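These notes concern the structure reproduced below.
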Amino acid sequence: MRLVEFGMQRLLRASSAIIVLGLAIELLSLLWFHPLSFVLFAVVGAALIGLGILIYLASLAFAGTPAAARPAGKTNS
Amino acid sequence: MFGPEGILIALIVLTMALALFLFVRPPATAGAGERIVAFIALFILPALCLGGGFSAHIEHSKETKSCTSCHAMQPYGRSLYVDDPNYIPAAHFQNHRIPPETACYQCHADYTFYGTLKDKFAGLERVYIQYVSGPPKHIKFKGRYSNGQCLRCHAGARDFEENPVHQAIRSELASSQMSCISSGCHDTVHNVTALDHLKFWRPAQ
(Lines give C-alpha, C1' and ligand atoms only; values in the text may rest on other atoms or scores of the structure.)
Protein backbone atom coordinates (compact mmCIF):
# COMPACT_ATOMS: atom_id res chain seq x y z
CA MET A 1 0.00 0.00 0.00
CA ARG A 2 1.35 3.43 -0.89
CA LEU A 3 2.21 5.74 1.99
CA VAL A 4 -0.24 8.40 0.82
CA GLU A 5 -3.15 5.92 0.83
CA PHE A 6 -2.16 4.64 4.26
CA GLY A 7 -1.96 8.20 5.62
CA MET A 8 -5.24 9.21 4.03
CA GLN A 9 -7.02 6.15 5.40
CA ARG A 10 -5.76 6.91 8.89
CA LEU A 11 -6.99 10.50 8.62
CA LEU A 12 -10.37 9.33 7.28
CA ARG A 13 -10.70 6.86 10.14
CA ALA A 14 -9.81 9.52 12.70
CA SER A 15 -12.24 11.96 11.05
CA SER A 16 -15.08 9.37 11.01
CA ALA A 17 -14.52 8.40 14.65
CA ILE A 18 -14.46 12.03 15.85
CA ILE A 19 -17.56 12.92 13.81
CA VAL A 20 -19.47 9.88 15.17
CA LEU A 21 -18.53 10.88 18.73
CA GLY A 22 -19.53 14.52 18.11
CA LEU A 23 -22.86 13.46 16.59
CA ALA A 24 -23.56 11.10 19.50
CA ILE A 25 -23.02 14.03 21.88
CA GLU A 26 -25.28 16.24 19.74
CA LEU A 27 -27.98 13.55 19.85
CA LEU A 28 -27.65 13.26 23.62
CA SER A 29 -27.83 17.05 24.04
CA LEU A 30 -31.03 17.18 21.95
CA LEU A 31 -32.72 14.52 24.05
CA TRP A 32 -31.52 15.90 27.42
CA PHE A 33 -33.70 18.81 28.52
CA HIS A 34 -31.38 20.71 30.82
CA PRO A 35 -29.76 24.18 30.86
CA LEU A 36 -26.37 22.51 30.34
CA SER A 37 -27.44 20.65 27.20
CA PHE A 38 -26.60 23.63 24.96
CA VAL A 39 -23.21 23.99 26.64
CA LEU A 40 -22.55 20.26 26.08
CA PHE A 41 -23.54 20.62 22.42
CA ALA A 42 -21.61 23.85 21.73
CA VAL A 43 -18.45 23.13 23.73
CA VAL A 44 -18.03 19.37 23.18
CA GLY A 45 -20.30 18.15 20.35
CA ALA A 46 -19.86 21.03 17.89
CA ALA A 47 -16.12 21.20 18.60
CA LEU A 48 -15.71 17.47 17.84
CA ILE A 49 -17.80 17.65 14.66
CA GLY A 50 -15.82 20.71 13.52
CA LEU A 51 -12.53 18.96 14.28
CA GLY A 52 -13.67 15.84 12.38
CA ILE A 53 -14.57 17.97 9.35
CA LEU A 54 -11.18 19.72 9.49
CA ILE A 55 -9.36 16.37 9.66
CA TYR A 56 -11.36 15.18 6.65
CA LEU A 57 -10.40 18.34 4.73
CA ALA A 58 -6.77 17.78 5.79
CA SER A 59 -6.99 14.23 4.41
CA LEU A 60 -8.04 15.70 1.04
CA ALA A 61 -5.02 18.00 1.09
CA PHE A 62 -2.87 15.00 2.09
CA ALA A 63 -4.14 13.03 -0.88
CA GLY A 64 -3.08 15.84 -3.20
CA THR A 65 -3.59 15.32 -6.91
CA PRO A 66 -5.77 12.32 -7.83
CA ALA A 67 -3.67 9.35 -8.93
CA ALA A 68 -5.27 9.37 -12.40
CA ALA A 69 -4.15 12.98 -13.01
CA ARG A 70 -0.54 12.30 -12.05
CA PRO A 71 2.06 11.48 -14.72
CA ALA A 72 2.67 7.73 -15.00
CA GLY A 73 5.07 6.34 -12.42
CA LYS A 74 4.90 9.42 -10.16
CA THR A 75 3.40 9.33 -6.71
CA ASN A 76 3.39 11.96 -3.97
CA SER A 77 4.62 9.49 -1.35
CA MET B 1 -45.51 14.19 14.81
CA PHE B 2 -42.31 14.07 12.75
CA GLY B 3 -41.31 17.72 13.02
CA PRO B 4 -38.02 19.47 12.23
CA GLU B 5 -36.38 17.93 15.29
CA GLY B 6 -37.41 14.43 14.18
CA ILE B 7 -35.88 15.12 10.77
CA LEU B 8 -32.68 16.38 12.45
CA ILE B 9 -32.45 13.26 14.63
CA ALA B 10 -32.95 11.04 11.56
CA LEU B 11 -30.23 13.00 9.75
CA ILE B 12 -27.84 12.60 12.70
CA VAL B 13 -28.47 8.84 12.84
CA LEU B 14 -27.94 8.52 9.06
CA THR B 15 -24.71 10.54 9.24
CA MET B 16 -23.48 8.44 12.16
CA ALA B 17 -24.21 5.24 10.21
CA LEU B 18 -22.33 6.50 7.14
CA ALA B 19 -19.39 7.78 9.20
CA LEU B 20 -19.23 4.45 11.06
CA PHE B 21 -19.21 2.61 7.72
CA LEU B 22 -16.31 4.80 6.58
CA PHE B 23 -14.51 4.11 9.86
CA VAL B 24 -14.80 0.37 9.33
CA ARG B 25 -14.04 0.54 5.61
CA PRO B 26 -12.15 3.74 4.78
CA PRO B 27 -12.33 4.31 1.01
CA ALA B 28 -9.39 3.59 -1.24
CA THR B 29 -8.06 6.74 -2.90
CA ALA B 30 -8.98 5.66 -6.41
CA GLY B 31 -12.79 5.26 -6.52
CA ALA B 32 -14.65 8.45 -7.42
CA GLY B 33 -17.95 7.08 -6.03
CA GLU B 34 -16.36 6.32 -2.67
CA ARG B 35 -14.82 9.79 -2.57
CA ILE B 36 -18.22 11.36 -3.15
CA VAL B 37 -19.75 9.23 -0.36
CA ALA B 38 -16.90 10.28 1.96
CA PHE B 39 -17.40 13.95 1.03
CA ILE B 40 -21.13 13.71 1.80
CA ALA B 41 -20.69 11.69 4.99
CA LEU B 42 -17.75 13.58 6.45
CA PHE B 43 -18.40 17.12 5.25
CA ILE B 44 -21.89 17.91 3.92
CA LEU B 45 -24.01 15.91 6.41
CA PRO B 46 -22.00 16.79 9.57
CA ALA B 47 -22.13 20.48 8.59
CA LEU B 48 -25.93 20.18 8.16
CA CYS B 49 -26.23 18.42 11.53
CA LEU B 50 -24.15 21.15 13.15
CA GLY B 51 -26.35 23.94 11.76
CA GLY B 52 -29.52 22.01 12.61
CA GLY B 53 -28.25 21.39 16.15
CA PHE B 54 -27.64 25.09 16.79
CA SER B 55 -31.07 25.94 15.40
CA ALA B 56 -32.80 23.23 17.53
CA HIS B 57 -31.02 24.40 20.70
CA ILE B 58 -31.97 28.02 20.05
CA GLU B 59 -35.61 26.93 19.61
CA HIS B 60 -35.42 24.88 22.86
CA SER B 61 -34.10 27.87 24.77
CA LYS B 62 -37.23 29.87 23.88
CA GLU B 63 -39.44 27.44 25.81
CA THR B 64 -40.87 28.44 29.19
CA LYS B 65 -39.84 25.07 30.67
CA SER B 66 -36.25 25.74 29.55
CA CYS B 67 -36.15 29.05 31.45
CA THR B 68 -37.76 27.62 34.57
CA SER B 69 -35.52 24.53 34.59
CA CYS B 70 -32.97 26.61 36.56
CA HIS B 71 -33.78 26.50 40.26
CA ALA B 72 -33.38 30.28 40.63
CA MET B 73 -35.99 30.90 37.92
CA GLN B 74 -38.67 28.63 39.42
CA PRO B 75 -40.40 31.40 41.46
CA TYR B 76 -40.65 33.45 38.26
CA GLY B 77 -42.31 30.50 36.54
CA ARG B 78 -44.64 30.14 39.53
CA SER B 79 -45.56 33.83 39.30
CA LEU B 80 -47.19 33.11 35.94
CA TYR B 81 -49.95 31.27 37.82
CA VAL B 82 -50.82 34.05 40.31
CA ASP B 83 -54.59 34.48 40.42
CA ASP B 84 -54.56 38.27 40.15
CA PRO B 85 -55.14 40.17 36.88
CA ASN B 86 -52.88 43.01 38.09
CA TYR B 87 -49.87 40.72 37.73
CA ILE B 88 -48.82 41.60 34.20
CA PRO B 89 -46.89 38.39 33.29
CA ALA B 90 -49.60 36.17 34.87
CA ALA B 91 -52.43 37.95 33.04
CA HIS B 92 -50.59 37.63 29.71
CA PHE B 93 -49.69 33.97 30.30
CA GLN B 94 -53.05 32.77 31.59
CA ASN B 95 -55.09 34.54 28.90
CA HIS B 96 -52.79 33.41 26.08
CA ARG B 97 -51.99 37.02 25.10
CA ILE B 98 -48.57 35.52 24.52
CA PRO B 99 -47.94 31.86 23.52
CA PRO B 100 -47.70 30.16 26.95
CA GLU B 101 -45.09 27.62 25.81
CA THR B 102 -42.66 30.47 25.02
CA ALA B 103 -43.94 32.97 27.59
CA CYS B 104 -40.58 34.13 29.01
CA TYR B 105 -39.03 34.61 25.59
CA GLN B 106 -41.99 36.68 24.34
CA CYS B 107 -41.35 39.46 26.85
CA HIS B 108 -37.60 39.04 27.45
CA ALA B 109 -36.09 39.04 23.99
CA ASP B 110 -34.74 41.98 22.10
CA TYR B 111 -36.75 42.05 18.94
CA THR B 112 -33.93 42.86 16.61
CA PHE B 113 -32.53 40.77 13.79
CA TYR B 114 -29.97 39.22 16.16
CA GLY B 115 -32.29 39.20 19.17
CA THR B 116 -32.39 35.43 19.52
CA LEU B 117 -28.62 35.11 19.24
CA LYS B 118 -28.08 37.97 21.71
CA ASP B 119 -30.43 36.26 24.15
CA LYS B 120 -28.65 32.93 23.69
CA PHE B 121 -25.34 34.50 24.75
CA ALA B 122 -27.07 36.20 27.69
CA GLY B 123 -28.42 32.75 28.56
CA LEU B 124 -24.86 31.35 28.60
CA GLU B 125 -24.00 34.00 31.18
CA ARG B 126 -26.96 32.77 33.26
CA VAL B 127 -25.70 29.17 33.00
CA TYR B 128 -22.35 30.41 34.36
CA ILE B 129 -24.13 32.19 37.23
CA GLN B 130 -26.21 29.09 38.01
CA TYR B 131 -23.34 26.59 38.06
CA VAL B 132 -20.19 28.59 38.85
CA SER B 133 -20.69 31.87 40.66
CA GLY B 134 -24.10 30.99 42.17
CA PRO B 135 -27.32 33.00 41.75
CA PRO B 136 -27.75 36.15 43.86
CA LYS B 137 -30.41 36.18 46.59
CA HIS B 138 -32.38 38.91 44.83
CA ILE B 139 -32.39 38.63 41.06
CA LYS B 140 -32.42 42.02 39.37
CA PHE B 141 -33.25 42.78 35.77
CA LYS B 142 -30.05 43.56 33.92
CA GLY B 143 -30.20 46.95 32.23
CA ARG B 144 -33.58 48.56 31.57
CA TYR B 145 -36.77 46.90 30.41
CA SER B 146 -37.51 48.37 27.01
CA ASN B 147 -41.05 49.51 26.21
CA GLY B 148 -40.43 48.13 22.75
CA GLN B 149 -41.11 44.67 24.12
CA CYS B 150 -44.63 45.76 25.13
CA LEU B 151 -45.26 47.96 22.11
CA ARG B 152 -44.32 45.18 19.72
CA CYS B 153 -47.83 43.79 20.31
CA HIS B 154 -49.72 46.69 21.89
CA ALA B 155 -48.79 49.44 19.44
CA GLY B 156 -51.64 49.79 16.99
CA ALA B 157 -54.06 47.76 19.13
CA ARG B 158 -57.37 49.60 19.54
CA ASP B 159 -57.68 49.39 23.35
CA PHE B 160 -54.11 50.62 23.73
CA GLU B 161 -54.26 53.45 21.20
CA GLU B 162 -57.72 54.74 22.29
CA ASN B 163 -56.79 54.84 25.97
CA PRO B 164 -56.58 58.59 26.87
CA VAL B 165 -53.62 58.02 29.25
CA HIS B 166 -51.65 56.24 26.53
CA GLN B 167 -52.57 58.96 24.01
CA ALA B 168 -51.24 61.69 26.32
CA ILE B 169 -47.83 60.03 26.78
CA ARG B 170 -47.54 58.19 23.47
CA SER B 171 -44.20 59.73 22.41
CA GLU B 172 -42.64 59.20 25.87
CA LEU B 173 -43.68 55.55 25.71
CA ALA B 174 -42.30 55.09 22.21
CA SER B 175 -38.94 56.59 23.20
CA SER B 176 -38.90 54.68 26.56
CA GLN B 177 -38.60 57.99 28.43
CA MET B 178 -41.47 56.66 30.53
CA SER B 179 -41.46 52.98 31.39
CA CYS B 180 -44.65 50.94 31.06
CA ILE B 181 -43.74 48.88 34.11
CA SER B 182 -41.82 51.19 36.44
CA SER B 183 -43.50 54.57 36.09
CA GLY B 184 -46.39 53.72 38.39
CA CYS B 185 -48.89 52.37 35.84
CA HIS B 186 -48.33 48.62 35.30
CA ASP B 187 -45.84 48.06 38.09
CA THR B 188 -46.99 44.68 39.44
CA VAL B 189 -44.75 42.37 37.47
CA HIS B 190 -43.33 39.06 38.81
CA ASN B 191 -43.08 40.32 42.42
CA VAL B 192 -41.71 36.94 43.57
CA THR B 193 -41.10 37.99 47.19
CA ALA B 194 -44.89 38.09 47.72
CA LEU B 195 -45.67 34.71 46.16
CA ASP B 196 -46.14 32.89 49.48
CA HIS B 197 -49.13 35.09 50.33
CA LEU B 198 -50.96 34.84 47.02
CA LYS B 199 -53.67 32.69 45.50
CA PHE B 200 -52.75 30.64 42.44
CA TRP B 201 -54.70 29.68 39.36
CA ARG B 202 -54.85 25.95 38.58
CA PRO B 203 -55.38 25.32 34.87
CA ALA B 204 -57.97 22.66 34.02
CA GLN B 205 -56.22 19.52 32.79
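Letters A, B, ... mark the chains of the C-alpha coordinates in the order given; residue numbers begin at 1 per chain; ligand numbers begin at 1, in order shown.
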Env of Phe43 (chain B): 12 Å cut, atoms = only C-alpha atoms, seq-sep filter 3 positions within chain, self excluded. Answer as number ranges by chain. A: 12, 15-16, 19, 49-60; B: 15, 18-19, 35-40, 46-50
At most 9 Å is the cut-off: for each residue in chain A with any atom that close to an atom of chain B, write down the nearest atom pair and the distance in Å rounded to one decimal, counting only C-alpha atoms, chain first then increasing number, as a Markdown table.
```
| residue | atom | partner | partner_atom | distance |
| --- | --- | --- | --- | --- |
| A:Val4 | CA | B:Thr29 | CA | 8.8 |
| A:Glu5 | CA | B:Thr29 | CA | 6.2 |
| A:Met8 | CA | B:Thr29 | CA | 7.9 |
| A:Gln9 | CA | B:Pro26 | CA | 5.7 |
| A:Arg10 | CA | B:Pro26 | CA | 8.2 |
| A:Leu12 | CA | B:Pro26 | CA | 6.4 |
| A:Arg13 | CA | B:Phe23 | CA | 4.7 |
| A:Ala14 | CA | B:Phe23 | CA | 7.7 |
| A:Ser15 | CA | B:Leu42 | CA | 7.4 |
| A:Ser16 | CA | B:Ala19 | CA | 4.9 |
| A:Ala17 | CA | B:Phe23 | CA | 6.4 |
| A:Ile19 | CA | B:Ala19 | CA | 7.2 |
| A:Val20 | CA | B:Met16 | CA | 5.2 |
| A:Leu21 | CA | B:Met16 | CA | 8.6 |
| A:Leu23 | CA | B:Ile12 | CA | 6.4 |
| A:Ala24 | CA | B:Met16 | CA | 7.8 |
| A:Glu26 | CA | B:Gly53 | CA | 6.9 |
| A:Leu27 | CA | B:Ile9 | CA | 6.9 |
| A:Ser29 | CA | B:His57 | CA | 8.7 |
| A:Leu30 | CA | B:His57 | CA | 7.3 |
| A:Phe33 | CA | B:Ser66 | CA | 7.4 |
| A:His34 | CA | B:Ser69 | CA | 6.8 |
| A:Pro35 | CA | B:Val127 | CA | 6.8 |
| A:Leu36 | CA | B:Val127 | CA | 7.2 |
| A:Ser37 | CA | B:His57 | CA | 8.3 |
| A:Phe38 | CA | B:His57 | CA | 6.2 |
| A:Val39 | CA | B:Leu124 | CA | 7.8 |
| A:Phe41 | CA | B:Gly53 | CA | 7.9 |
| A:Ala42 | CA | B:Phe54 | CA | 7.9 |
| A:Gly45 | CA | B:Leu50 | CA | 8.7 |
| A:Ala46 | CA | B:Leu50 | CA | 6.4 |
| A:Ile49 | CA | B:Pro46 | CA | 6.7 |
| A:Gly50 | CA | B:Ala47 | CA | 8.0 |
| A:Gly52 | CA | B:Leu42 | CA | 7.5 |
| A:Ile53 | CA | B:Phe43 | CA | 5.7 |
| A:Leu54 | CA | B:Phe43 | CA | 8.8 |
| A:Tyr56 | CA | B:Leu42 | CA | 6.6 |
| A:Leu57 | CA | B:Phe43 | CA | 8.1 |
| A:Ala63 | CA | B:Thr29 | CA | 7.7 |
| A:Pro66 | CA | B:Ala30 | CA | 7.5 |
| A:Ala67 | CA | B:Ala30 | CA | 6.9 |
| A:Ala68 | CA | B:Ala30 | CA | 8.0 |
```
Preceding selection exported with N, CA and C atoms as a short mmCIF file (atom, residue, chain, number, x, y, z; two decimals), in the first residue's frame:
```
data_model
loop_
_atom_site.label_atom_id
_atom_site.label_comp_id
_atom_site.auth_asym_id
_atom_site.auth_seq_id
_atom_site.Cartn_x
_atom_site.Cartn_y
_atom_site.Cartn_z
N VAL A 4 0.81 7.38 0.87
CA VAL A 4 -0.24 8.40 0.82
C VAL A 4 -1.62 7.80 1.12
N GLU A 5 -1.86 6.58 0.59
CA GLU A 5 -3.15 5.92 0.83
C GLU A 5 -3.29 5.54 2.30
N MET A 8 -3.90 8.70 4.27
CA MET A 8 -5.24 9.21 4.03
C MET A 8 -6.29 8.35 4.76
N GLN A 9 -6.07 7.04 4.72
CA GLN A 9 -7.02 6.15 5.40
C GLN A 9 -7.02 6.39 6.90
N ARG A 10 -5.83 6.63 7.44
CA ARG A 10 -5.76 6.91 8.89
C ARG A 10 -6.50 8.19 9.21
N LEU A 12 -8.92 9.55 7.47
CA LEU A 12 -10.37 9.33 7.28
C LEU A 12 -10.97 8.58 8.46
N ARG A 13 -10.21 7.63 8.97
CA ARG A 13 -10.70 6.86 10.14
C ARG A 13 -10.82 7.78 11.36
N ALA A 14 -9.79 8.60 11.56
CA ALA A 14 -9.81 9.52 12.70
C ALA A 14 -10.98 10.50 12.54
N SER A 15 -11.15 11.02 11.32
CA SER A 15 -12.24 11.96 11.05
C SER A 15 -13.60 11.31 11.32
N SER A 16 -13.80 10.08 10.81
CA SER A 16 -15.08 9.37 11.01
C SER A 16 -15.36 9.16 12.49
N ALA A 17 -14.32 8.70 13.22
CA ALA A 17 -14.52 8.40 14.65
C ALA A 17 -14.89 9.67 15.42
N ILE A 19 -16.22 12.44 14.22
CA ILE A 19 -17.56 12.92 13.81
C ILE A 19 -18.65 12.08 14.48
N VAL A 20 -18.46 10.75 14.52
CA VAL A 20 -19.47 9.88 15.17
C VAL A 20 -19.61 10.26 16.64
N LEU A 21 -18.48 10.50 17.31
CA LEU A 21 -18.53 10.88 18.73
C LEU A 21 -19.24 12.23 18.90
N LEU A 23 -21.43 13.61 16.90
CA LEU A 23 -22.86 13.46 16.59
C LEU A 23 -23.60 12.77 17.73
N ALA A 24 -22.93 11.80 18.36
CA ALA A 24 -23.56 11.10 19.50
C ALA A 24 -23.81 12.10 20.63
N GLU A 26 -24.20 15.35 20.21
CA GLU A 26 -25.28 16.24 19.74
C GLU A 26 -26.64 15.59 19.98
N LEU A 27 -26.73 14.29 19.66
CA LEU A 27 -27.98 13.55 19.85
C LEU A 27 -28.38 13.55 21.33
N SER A 29 -27.47 15.70 23.60
CA SER A 29 -27.83 17.05 24.04
C SER A 29 -29.24 17.43 23.58
N LEU A 30 -29.68 16.87 22.45
CA LEU A 30 -31.03 17.18 21.95
C LEU A 30 -32.11 16.46 22.77
N PHE A 33 -33.15 17.47 28.31
CA PHE A 33 -33.70 18.81 28.52
C PHE A 33 -33.14 19.39 29.81
N HIS A 34 -32.09 20.17 29.67
CA HIS A 34 -31.38 20.71 30.82
C HIS A 34 -30.65 21.97 30.37
N PRO A 35 -30.47 22.96 31.28
CA PRO A 35 -29.76 24.18 30.86
C PRO A 35 -28.35 23.89 30.34
N LEU A 36 -27.74 22.80 30.79
CA LEU A 36 -26.37 22.51 30.34
C LEU A 36 -26.32 21.80 28.98
N SER A 37 -27.48 21.42 28.45
CA SER A 37 -27.44 20.65 27.20
C SER A 37 -26.86 21.48 26.04
N PHE A 38 -27.16 22.80 26.02
CA PHE A 38 -26.60 23.63 24.96
C PHE A 38 -25.08 23.76 25.13
N VAL A 39 -24.65 23.87 26.38
CA VAL A 39 -23.21 23.99 26.64
C VAL A 39 -22.51 22.71 26.19
N PHE A 41 -23.54 20.64 23.89
CA PHE A 41 -23.54 20.62 22.42
C PHE A 41 -22.48 21.56 21.85
N ALA A 42 -22.49 22.83 22.33
CA ALA A 42 -21.61 23.85 21.73
C ALA A 42 -20.14 23.60 22.06
N GLY A 45 -19.79 18.75 21.60
CA GLY A 45 -20.30 18.15 20.35
C GLY A 45 -19.88 18.91 19.10
N ALA A 46 -20.17 20.22 19.08
CA ALA A 46 -19.86 21.03 17.89
C ALA A 46 -18.35 21.07 17.65
N ILE A 49 -17.35 17.74 16.06
CA ILE A 49 -17.80 17.65 14.66
C ILE A 49 -16.92 18.55 13.79
N GLY A 50 -16.67 19.77 14.27
CA GLY A 50 -15.82 20.71 13.52
C GLY A 50 -14.42 20.14 13.32
N GLY A 52 -13.57 16.97 13.32
CA GLY A 52 -13.67 15.84 12.38
C GLY A 52 -13.71 16.33 10.94
N ILE A 53 -14.48 17.41 10.70
CA ILE A 53 -14.57 17.97 9.35
C ILE A 53 -13.20 18.49 8.92
N LEU A 54 -12.51 19.17 9.83
CA LEU A 54 -11.18 19.72 9.49
C LEU A 54 -10.19 18.59 9.17
N TYR A 56 -10.98 15.70 7.98
CA TYR A 56 -11.36 15.18 6.65
C TYR A 56 -10.78 16.08 5.55
N LEU A 57 -10.92 17.40 5.74
CA LEU A 57 -10.40 18.34 4.73
C LEU A 57 -8.87 18.20 4.64
N ALA A 63 -4.05 13.86 0.33
CA ALA A 63 -4.14 13.03 -0.88
C ALA A 63 -3.55 13.74 -2.08
N PRO A 66 -5.29 13.69 -7.63
CA PRO A 66 -5.77 12.32 -7.83
C PRO A 66 -4.76 11.50 -8.65
N ALA A 67 -4.66 10.23 -8.29
CA ALA A 67 -3.67 9.35 -8.93
C ALA A 67 -3.80 9.37 -10.45
N ALA A 68 -5.05 9.42 -10.96
CA ALA A 68 -5.27 9.37 -12.40
C ALA A 68 -4.68 10.60 -13.11
#
```
- [ ] Report the residues of chain B whose backbone DSSP state falls under alpha helix (DSSP H), written as a PyMOL selection string.
- [x] chain B and resi 4-24+32-39+45-60+64-67+74-78+88-94+103-107+115-128+148-154+158-161+164-168+170-174
Of B:Ser176, B:Cys107, B:Phe141, B:Lys118, the one sitting nearest Cys153 (chain B) when using only C-alpha atoms is B:Cys107
